[in-house]
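Structure file work26.csv with CSV, C-alpha atoms:
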```
chain,number,residue,atom,x,y,z
A,1,MET,CA,50.0,212.9,18.7
A,2,HIS,CA,52.2,213.7,21.7
A,3,PRO,CA,50.9,211.8,24.8
A,4,ALA,CA,50.7,215.0,26.8
A,5,SER,CA,48.8,216.7,24.1
A,6,MET,CA,46.4,213.8,23.8
A,7,LYS,CA,45.7,213.9,27.6
A,8,LEU,CA,45.2,217.7,27.4
A,9,ARG,CA,42.7,217.3,24.6
A,10,VAL,CA,40.7,214.6,26.3
A,11,SER,CA,40.8,216.4,29.6
A,12,TRP,CA,39.7,219.7,28.2
A,13,CYS,CA,36.8,218.1,26.3
A,14,MET,CA,35.7,216.6,29.6
A,15,LEU,CA,36.0,220.1,31.2
A,16,VAL,CA,33.8,221.6,28.6
A,17,ALA,CA,31.3,218.8,28.9
A,18,LEU,CA,30.7,219.5,32.5
A,19,LEU,CA,29.7,223.2,32.2
A,20,PRO,CA,26.0,222.7,32.0
A,21,LEU,CA,24.8,221.2,35.2
A,22,CYS,CA,21.4,219.9,36.3
A,23,ALA,CA,18.7,221.7,38.2
A,24,VAL,CA,16.2,220.2,40.6
A,25,PRO,CA,13.3,218.8,38.6
A,26,GLY,CA,10.3,221.1,38.4
A,27,VAL,CA,12.3,224.1,39.5
A,28,ALA,CA,12.3,227.0,37.0
A,29,GLN,CA,15.8,228.4,37.4
A,30,VAL,CA,18.1,228.6,34.4
A,31,PRO,CA,21.3,230.6,35.1
A,32,PRO,CA,23.2,232.0,32.1
A,33,PRO,CA,25.5,229.4,30.5
A,34,VAL,CA,29.2,229.4,30.9
A,35,ILE,CA,30.7,230.2,27.5
A,36,ILE,CA,34.1,230.4,26.0
A,37,VAL,CA,34.9,233.9,24.8
A,38,GLY,CA,37.4,234.0,22.0
A,39,PRO,CA,38.9,231.5,19.5
A,40,ALA,CA,38.1,228.2,21.1
A,41,PRO,CA,40.1,225.1,20.2
A,42,ASP,CA,38.8,222.8,17.6
A,43,PHE,CA,38.4,219.5,19.6
A,44,SER,CA,37.5,217.4,16.5
A,45,ALA,CA,40.5,218.5,14.4
A,46,THR,CA,43.3,216.2,13.5
A,47,ALA,CA,46.5,216.7,15.5
A,48,CYS,CA,48.9,219.1,13.9
A,49,PRO,CA,52.6,218.1,13.1
A,50,GLY,CA,54.9,219.2,15.9
A,51,GLU,CA,52.3,219.5,18.7
A,52,LYS,CA,53.7,219.5,22.2
A,53,PRO,CA,52.4,220.8,25.5
A,54,GLY,CA,52.1,224.6,25.5
A,55,VAL,CA,54.4,226.8,27.6
A,56,LEU,CA,52.6,230.0,28.7
A,57,LYS,CA,54.0,233.3,27.5
A,58,ALA,CA,52.5,236.8,28.3
A,59,ARG,CA,52.9,239.4,25.5
A,60,VAL,CA,52.7,242.1,28.2
A,61,PHE,CA,53.1,242.2,31.9
A,62,PRO,CA,49.8,240.7,33.1
A,63,ARG,CA,47.7,243.3,35.0
A,64,ILE,CA,44.1,244.2,34.4
A,65,PRO,CA,42.4,247.6,34.9
A,66,ILE,CA,39.7,247.4,37.6
A,67,SER,CA,37.5,250.4,38.4
A,68,SER,CA,36.4,251.3,41.9
A,69,ALA,CA,32.8,250.4,40.9
A,70,SER,CA,33.8,246.9,39.7
A,71,GLU,CA,35.9,246.4,42.9
A,72,ALA,CA,33.0,247.4,45.1
A,73,ASN,CA,30.6,245.0,43.2
A,74,PHE,CA,33.2,242.2,43.6
A,75,HIS,CA,33.4,242.7,47.4
A,76,ALA,CA,29.6,242.9,47.6
A,77,HIS,CA,29.5,239.3,46.4
A,78,ASN,CA,32.9,237.9,47.4
A,79,PRO,CA,34.5,238.2,50.9
A,80,SER,CA,38.0,237.8,49.4
A,81,SER,CA,40.0,239.9,47.0
A,82,LEU,CA,40.8,237.0,44.7
A,83,GLY,CA,38.9,235.8,41.6
A,84,SER,CA,39.6,233.2,39.0
A,85,PHE,CA,38.9,232.3,35.4
A,86,ILE,CA,40.3,229.8,32.8
A,87,GLU,CA,42.4,230.6,29.8
A,88,ILE,CA,42.6,228.1,26.9
A,89,ILE,CA,45.5,228.5,24.4
A,90,ARG,CA,45.5,226.9,21.0
A,91,HIS,CA,48.6,225.6,19.2
A,92,ASP,CA,48.5,228.6,16.9
A,93,GLY,CA,49.0,230.8,20.0
A,94,ARG,CA,45.5,232.3,20.1
A,95,GLY,CA,43.8,232.3,23.5
A,96,ALA,CA,40.2,232.2,24.7
A,97,SER,CA,38.7,232.8,28.1
A,98,LEU,CA,36.2,230.9,30.2
A,99,ILE,CA,34.9,233.3,32.8
A,100,PRO,CA,32.4,232.1,35.5
A,101,PRO,CA,29.0,233.8,35.4
A,102,THR,CA,29.2,234.7,39.1
A,103,LEU,CA,27.9,238.0,40.5
A,104,ASP,CA,31.3,239.1,41.7
A,105,ILE,CA,32.4,239.6,38.1
A,106,ASP,CA,30.4,242.5,36.5
A,107,SER,CA,30.3,243.2,32.8
A,108,GLU,CA,33.2,245.7,33.0
A,109,MET,CA,35.5,243.3,34.8
A,110,HIS,CA,34.4,240.5,32.4
A,111,GLY,CA,35.6,242.7,29.5
A,112,ALA,CA,38.9,243.3,31.1
A,113,LEU,CA,39.5,239.6,31.7
A,114,VAL,CA,38.7,238.9,28.1
A,115,GLN,CA,41.2,241.5,27.0
A,116,LEU,CA,43.8,240.0,29.3
A,117,GLY,CA,43.2,236.6,27.7
A,118,SER,CA,43.9,238.0,24.3
A,119,LEU,CA,47.4,239.1,25.5
A,120,VAL,CA,48.4,235.6,26.5
A,121,THR,CA,50.0,233.1,24.1
A,122,ILE,CA,52.5,230.2,24.1
A,123,ASN,CA,56.1,229.7,23.1
A,124,ASP,CA,56.6,228.1,19.7
A,125,PRO,CA,53.1,228.5,18.2
A,126,ILE,CA,52.2,226.4,15.1
A,127,ALA,CA,50.6,228.6,12.5
A,128,GLY,CA,47.1,227.6,11.4
A,129,CYS,CA,46.8,224.9,14.2
A,130,GLY,CA,43.6,225.3,16.1
A,131,THR,CA,43.8,222.4,18.5
A,132,ALA,CA,44.2,222.9,22.3
A,133,ALA,CA,47.8,223.4,23.5
A,134,ALA,CA,47.3,224.5,27.2
A,135,VAL,CA,44.6,225.2,29.8
A,136,PHE,CA,45.5,227.5,32.7
A,137,LEU,CA,43.7,228.6,35.8
A,138,VAL,CA,44.3,232.4,36.1
A,139,SER,CA,43.9,234.1,39.5
A,140,PHE,CA,43.5,237.9,39.8
A,141,HIS,CA,43.5,240.4,42.6
A,142,VAL,CA,40.8,243.0,42.4
A,143,GLN,CA,42.6,245.5,44.7
A,144,ASN,CA,45.5,246.1,42.3
A,145,GLY,CA,44.7,244.1,39.2
A,146,SER,CA,47.7,241.9,39.5
A,147,VAL,CA,47.4,238.4,37.9
A,148,GLU,CA,48.9,235.1,38.8
A,149,MET,CA,49.3,232.9,35.7
A,150,GLY,CA,51.0,229.7,34.7
A,151,VAL,CA,49.2,227.1,36.8
A,152,ALA,CA,48.1,224.3,34.5
A,153,ALA,CA,44.5,223.3,34.9
A,154,VAL,CA,44.2,219.8,33.4
A,155,ALA,CA,41.3,217.6,34.4
A,156,THR,CA,42.3,213.9,35.0
A,157,PRO,CA,40.7,211.1,32.8
A,158,PRO,CA,37.5,209.6,34.1
A,159,PRO,CA,37.9,206.7,36.5
A,160,SER,CA,37.3,203.1,35.3
A,161,ALA,CA,33.6,202.1,35.2
A,162,SER,CA,34.5,199.2,37.4
A,163,LEU,CA,35.6,201.5,40.3
A,164,PRO,CA,32.8,202.3,42.8
A,165,ALA,CA,31.8,205.9,43.2
A,166,ALA,CA,32.8,207.7,46.4
A,167,GLN,CA,30.2,207.3,49.1
A,168,SER,CA,28.3,210.4,50.2
A,169,VAL,CA,27.7,211.0,53.9
A,170,PHE,CA,25.5,213.3,55.9
A,171,VAL,CA,27.3,216.1,57.7
A,172,GLY,CA,25.4,217.4,60.8
A,173,PRO,CA,22.9,216.1,63.3
A,174,THR,CA,20.9,213.4,61.4
A,175,PRO,CA,17.4,212.4,62.5
A,176,ASP,CA,16.7,209.3,64.6
A,177,PRO,CA,13.6,207.6,63.1
A,178,SER,CA,13.7,204.8,65.8
A,179,ALA,CA,13.5,207.3,68.7
A,180,THR,CA,10.4,207.4,70.8
A,181,ARG,CA,7.7,209.7,69.4
A,182,CYS,CA,7.7,213.2,70.8
A,183,PRO,CA,4.7,215.2,72.0
A,184,GLY,CA,3.5,217.6,69.4
A,185,GLU,CA,4.9,215.9,66.3
A,186,SER,CA,1.7,216.4,64.3
A,187,ASP,CA,1.3,220.1,65.0
A,188,PRO,CA,-0.3,221.5,61.8
A,189,ARG,CA,1.4,224.9,62.3
A,190,ARG,CA,4.9,223.6,61.8
A,191,GLN,CA,6.9,225.5,59.1
A,192,PHE,CA,10.5,225.4,57.9
A,193,SER,CA,12.6,228.4,57.0
A,194,GLY,CA,16.2,229.3,56.0
A,195,PRO,CA,18.4,231.6,53.9
A,196,HIS,CA,17.5,232.0,50.2
A,197,SER,CA,21.1,232.1,49.0
A,198,ILE,CA,24.8,231.6,49.9
A,199,ILE,CA,28.0,233.2,48.6
A,200,VAL,CA,29.5,231.5,45.5
A,201,THR,CA,32.7,233.1,44.3
A,202,SER,CA,34.3,233.0,40.9
A,203,THR,CA,37.2,231.0,42.5
A,204,SER,CA,34.8,228.4,43.9
A,205,ALA,CA,33.0,228.1,40.6
A,206,MET,CA,36.2,227.6,38.6
A,207,ASP,CA,37.4,225.1,41.1
A,208,PHE,CA,34.1,223.2,40.7
A,209,PHE,CA,34.3,223.3,36.9
A,210,ILE,CA,37.9,221.9,36.9
A,211,HIS,CA,37.4,219.1,39.4
A,212,ASN,CA,34.1,217.7,38.4
A,213,PRO,CA,34.4,216.8,34.7
A,214,GLN,CA,32.5,213.5,34.9
A,215,ASN,CA,29.8,214.3,37.4
A,216,PRO,CA,26.5,212.8,36.1
A,217,GLN,CA,24.7,215.9,37.4
A,218,HIS,CA,26.2,218.0,34.6
A,219,THR,CA,23.4,218.0,32.1
A,220,ASN,CA,21.4,221.3,32.1
A,221,THR,CA,22.4,224.3,34.2
A,222,PRO,CA,25.3,225.2,36.4
A,223,GLU,CA,24.1,224.1,39.8
A,224,VAL,CA,25.2,221.7,42.7
A,225,LEU,CA,22.6,219.3,44.1
A,226,PHE,CA,22.3,218.3,47.8
A,227,ILE,CA,19.9,216.6,50.2
A,228,ILE,CA,18.9,218.0,53.6
A,229,GLU,CA,17.5,215.9,56.5
A,230,LEU,CA,15.7,218.1,59.1
A,231,ARG,CA,15.0,217.0,62.7
A,232,LEU,CA,12.0,218.2,64.8
A,233,ASP,CA,14.4,219.9,67.2
A,234,GLY,CA,15.7,222.1,64.3
A,235,GLY,CA,18.9,220.2,63.7
A,236,ALA,CA,19.8,219.5,60.1
A,237,ALA,CA,22.3,217.4,58.2
A,238,ILE,CA,23.3,217.9,54.5
A,239,ARG,CA,24.5,215.3,52.0
A,240,ILE,CA,26.4,216.3,48.9
A,241,PRO,CA,27.1,213.4,46.4
A,242,GLY,CA,30.3,211.8,47.2
A,243,ASP,CA,31.8,212.2,43.8
A,244,VAL,CA,31.3,216.0,43.8
A,245,ILE,CA,34.4,218.0,44.7
A,246,LEU,CA,33.9,221.4,46.3
A,247,ASP,CA,36.6,223.9,47.5
A,248,ASP,CA,36.7,224.9,51.1
A,249,GLY,CA,34.8,228.1,50.5
A,250,LEU,CA,31.8,226.6,48.9
A,251,HIS,CA,31.8,223.6,51.2
A,252,SER,CA,31.8,226.0,54.2
A,253,GLU,CA,29.0,228.1,52.8
A,254,MET,CA,26.8,225.0,52.3
A,255,LEU,CA,27.4,223.8,55.8
A,256,ALA,CA,26.6,227.3,57.1
A,257,TYR,CA,23.3,227.2,55.2
A,258,THR,CA,22.5,223.9,56.9
A,259,ARG,CA,23.1,225.3,60.3
A,260,ALA,CA,20.9,228.4,59.5
A,261,LEU,CA,17.8,226.2,58.7
A,262,SER,CA,15.1,226.4,61.4
A,263,ILE,CA,11.8,224.8,62.2
A,264,HIS,CA,8.7,226.5,63.9
A,265,PRO,CA,7.5,225.4,66.3
A,266,ALA,CA,10.5,223.2,67.2
A,267,ILE,CA,10.4,220.4,69.7
A,268,PRO,CA,13.5,220.8,71.9
A,269,GLY,CA,15.4,217.6,72.4
A,270,CYS,CA,13.4,215.7,69.7
A,271,ALA,CA,15.8,214.0,67.3
A,272,ARG,CA,12.9,212.5,65.2
A,273,PRO,CA,12.7,213.3,61.5
A,274,ALA,CA,10.7,216.3,60.3
A,275,ALA,CA,11.4,216.3,56.6
A,276,VAL,CA,13.8,215.6,53.8
A,277,PHE,CA,14.5,218.1,51.1
A,278,VAL,CA,16.4,218.0,47.8
A,279,GLY,CA,18.0,221.3,46.9
A,280,SER,CA,20.2,223.1,44.4
A,281,VAL,CA,22.8,225.9,44.7
A,282,SER,CA,23.2,228.1,41.6
A,283,LEU,CA,26.9,228.6,40.7
A,284,ARG,CA,26.0,232.0,39.3
A,285,ASP,CA,24.4,233.8,42.2
A,286,GLY,CA,24.3,231.3,45.1
A,287,ALA,CA,20.5,231.1,45.0
A,288,ILE,CA,19.1,228.1,47.0
A,289,VAL,CA,16.0,226.2,45.9
A,290,VAL,CA,14.6,223.3,47.9
A,291,ALA,CA,11.7,221.0,47.4
A,292,PRO,CA,10.4,218.3,49.8
A,293,ILE,CA,10.9,214.7,48.8
A,294,ALA,CA,9.8,213.1,52.1
A,295,THR,CA,8.2,214.1,55.4
A,296,GLY,CA,8.6,212.8,58.8
A,297,SER,CA,5.9,213.6,61.3
A,298,ALA,CA,5.2,217.1,59.9
A,299,PRO,CA,2.0,217.3,57.8
A,300,GLU,CA,2.4,217.9,54.1
A,301,SER,CA,0.4,221.1,54.4
A,302,ALA,CA,3.3,222.5,56.4
A,303,MET,CA,6.0,221.8,53.8
A,304,PRO,CA,7.4,224.7,51.7
A,305,SER,CA,6.8,224.5,48.0
A,306,GLY,CA,9.9,226.4,46.9
A,307,ARG,CA,12.5,228.4,48.7
A,308,PRO,CA,12.7,227.8,52.4
```
What would you get if you wrote out this structure as structure tokens?
Amino acid sequence: MHPASMKLRVSWCMLVALLPLCAVPGVAQVPPPVIIVGPAPDFSATACPGEKPGVLKARVFPRIPISSASEANFHAHNPSSLGSFIEIIRHDGRGASLIPPTLDIDSEMHGALVQLGSLVTINDPIAGCGTAAAVFLVSFHVQNGSVEMGVAAVATPPPSASLPAAQSVFVGPTPDPSATRCPGESDPRRQFSGPHSIIVTSTSAMDFFIHNPQNPQHTNTPEVLFIIELRLDGGAAIRIPGDVILDDGLHSEMLAYTRALSIHPAIPGCARPAAVFVGSVSLRDGAIVVAPIATGSAPESAMPSGRP
């Protein structure tokens, strides 16, 4: 097998393996799975004679029809005008599409993207060869249907088991457990609140799928896990596992969610811990689910049992 083809096969297998991600234990939230639409490559097949990295070729000028209703729906769930999906091309020239299940892509747009994928092939196809030849990240503009193609999306091999995982750090004002206790810490009325969702775009979802092929979270449903530490003055810090890669858009949304959390009644100037939550963000609709895993000075009766 050609070395580049071998890397592509291994990399794409890892990309497929990541698509189901894990949910917070005990949280009943199962987003639709991400599926490949079209003739998917046969990852277990023997390499075909003459395999080489695929070079993209469009049978027609790539542009997709987007109705005003689909465009309006897209902008209702995505502040930009750009979406993304992944196109997989087999060595026989047939393509399949992996389209994120995000809310910005409605069923009509989904169908148009699948149709576009069927119009893409590679130069020098090998008849009858169903192994993977190329994987591309495809970006599209909803305002005019134009498409940007040809950017290879190849996940890198997993790091050696001897290499330490990247360290995660809290971002934001962390609690100070050693600080002097504050008056009113045990107020039984204390409650926590925050948004129920953030914006997750198709571009952010595709970026996540591509860059997190070996994340141990990827076992059940498409979600990203995090931990929140909340202080009694209302300040909050978020920690995302260090080996999870997020694009700027999703990272900013999660930080904005952290800043939007609040505590009632707050104790101004008190940096002491109030609670620690484990949470998940759905990569389909941005839904946030949190559950307490530890409390500071707030009584357990004041802790939320689901969404903040």
**Report entry** Among listed residues A:Ile228, A:Ile86, A:Met109, A:Val278, nearest Ile293 in chain A (using only C-alpha atoms)
**Finding:**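 For Ile293 in chain A, the nearest of the candidates is A:Val278.
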Query raised in the report: CA of Thr201 in chain A to CA of Val169 in chain A: how many Å, to one decimal?
Result: 24.6 Å
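Among the candidate residues A:Ala112, A:Ala40, A:Ile64, A:Ile199, the one lying nearest to Gly249 in chain A is A:Ile199, with distances computed using only C-alpha atoms.
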Query raised in the report: Between A:Val171, A:Glu223, A:Pro195, A:Arg90, which one has atoms that come closest to Leu255 in chain A, using all atoms listed in the file?
Result: A:Val171
Query - Computed interatomic separation between CA of Ile89 in chain A and CA of Thr102 in chain A (Å) - result: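 Those two atoms sit 22.8 Å apart.
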Query - Spatial sel., origin (17.3, 217.2, 59.7), limit 7 Å, only C-alpha atoms, listed as a PyMOL selection string - result: chain A and resi 173-175+228-231+234-237+273-275
